[in-house]
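To keep things clear, I will list the structure first and then write my remarks on it.
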Amino acid sequence: MDSAHQPGRSNDELNEGVTTLPPRGRTVTDELFTETSDAGANRTYSLLNVGFRDLGDPGRPRRLDVHAVLFDMDGTLVESAAAMDRHTRMWAERHSLDPEAVIRVSHGRRDIDVIRELAPYADPHAELAWFDHLSCTDADGVHAAPGAPGLLGTLPPRRWGVVTSATRSVARSRMAAAGLPLPDVLVCAEDVADGKPSPEGYLAAAGRVGAPPSRCLVIEDAEAGLAAARAAGMPALAVAGPPGPVHGHRIAGLDALSVTAD
């Protein structure tokens with residue numbers, strides 16, 4: 001059974017933590033959480049207050065209090081659509097497949113999963129190596145998404161992470177090409193048995209930041225990633241996604257967010 005379709009909390013339940021500004025009313029206990037480091041020492045942090053406007057109801061400013069923010073990479077932190085589409089077309093032509101159909105199927109998913117689905121006759125690891133080499137050597141058109149550098153600059157280390165369908169080598173290459181820092185928490189394609197829309201990657205990242213899934217905010221652009229967040233029991237914000245995202249609130253972009261720590 002696809003993990004994205006397993007029973008979980010409803011969207012209404014997941015959005016219970018989203019409030020309208022300015023009412024606050026939290027206690028000190030609500031505002032703090034404790035993370036246990038690898039060395040075993042406990043550290044206490046305040047919550048992150050994420051302010052945003054839902055494009056479906058832009059008149060109401062909203063706030064979501066979370067322990068950590070987990071980002072998708074491609075299409076969310078990094079504008080890489082031109083390069084990814086170019087590489088996908090090259091791979092599709094390599095296998096006499098319809099390039100546009102392959103692009104539609106591949107959005108937000110791991111290359112290895114797309115390869116196995118659309119070219120089952122091929123050596124998936126050899127094909128993935130071909131993809132990775134191309135992705136790491138051709139970064140033309142790759143740049144940071146508007147608002148990404150400033151937003152990441154407001155987040156303390158280990159309070160944010162990246163969960164990507166890209167391999168680690170590609171993730172490092174694209175983040176570098178975009179001029180963005182690598183997070184302490186980076187979950188890549190080879191770190192999980194099942195890629196998005198499975199919640200495995202996001203749940204792994206929650207464990208690494210030491211926060212409960214319900215207090216991790218996912219920021220995504222693809223339906224597969226939003227479905228993964230829903231299956232993980234995490235609130236989500238959809239950036240530049242479809243008008244009616246499969247999960248969460250839709251926002252105009254990263255530059256429309258404000259983040260402060262209590």
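As shown in the structure tokens, the chain order sets the letters A, B, ...; within each chain, residues go from 1, and ligands are also counted from 1 in the order they appear.
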Do you know which residues are at most 9 Å from Val162 of chain A counting only C-alpha atoms, after dropping those on the same chain fewer than 6 positions away, and could you put them as a PyMOL selection string?
-> chain A and resi 69-73+182-188+202+205
Excluding same-chain residues fewer than 5 positions from Val66 of chain A, what lies within 8 Å of it counting only C-alpha atoms, as a list of chain:residue names?
-> A:Leu47, A:Leu48, A:Asn49, A:Val50, A:Arg215, A:Cys216, A:Leu217
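For Gly233 of chain A, the list of residues within 6 Å, based on only C-alpha atoms and with local chain neighbours fewer than 2 positions off taken out, reads Ser214, Arg230 and Ala231 of chain A.
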In terms of the shortest atom-to-atom distance over only C-alpha atoms, which of A:Arg89, A:His247, A:Arg159, A:Arg104 is closest to Val259 of chain A?
->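 For Val259 of chain A, the nearest of the given residues is A:Arg159.
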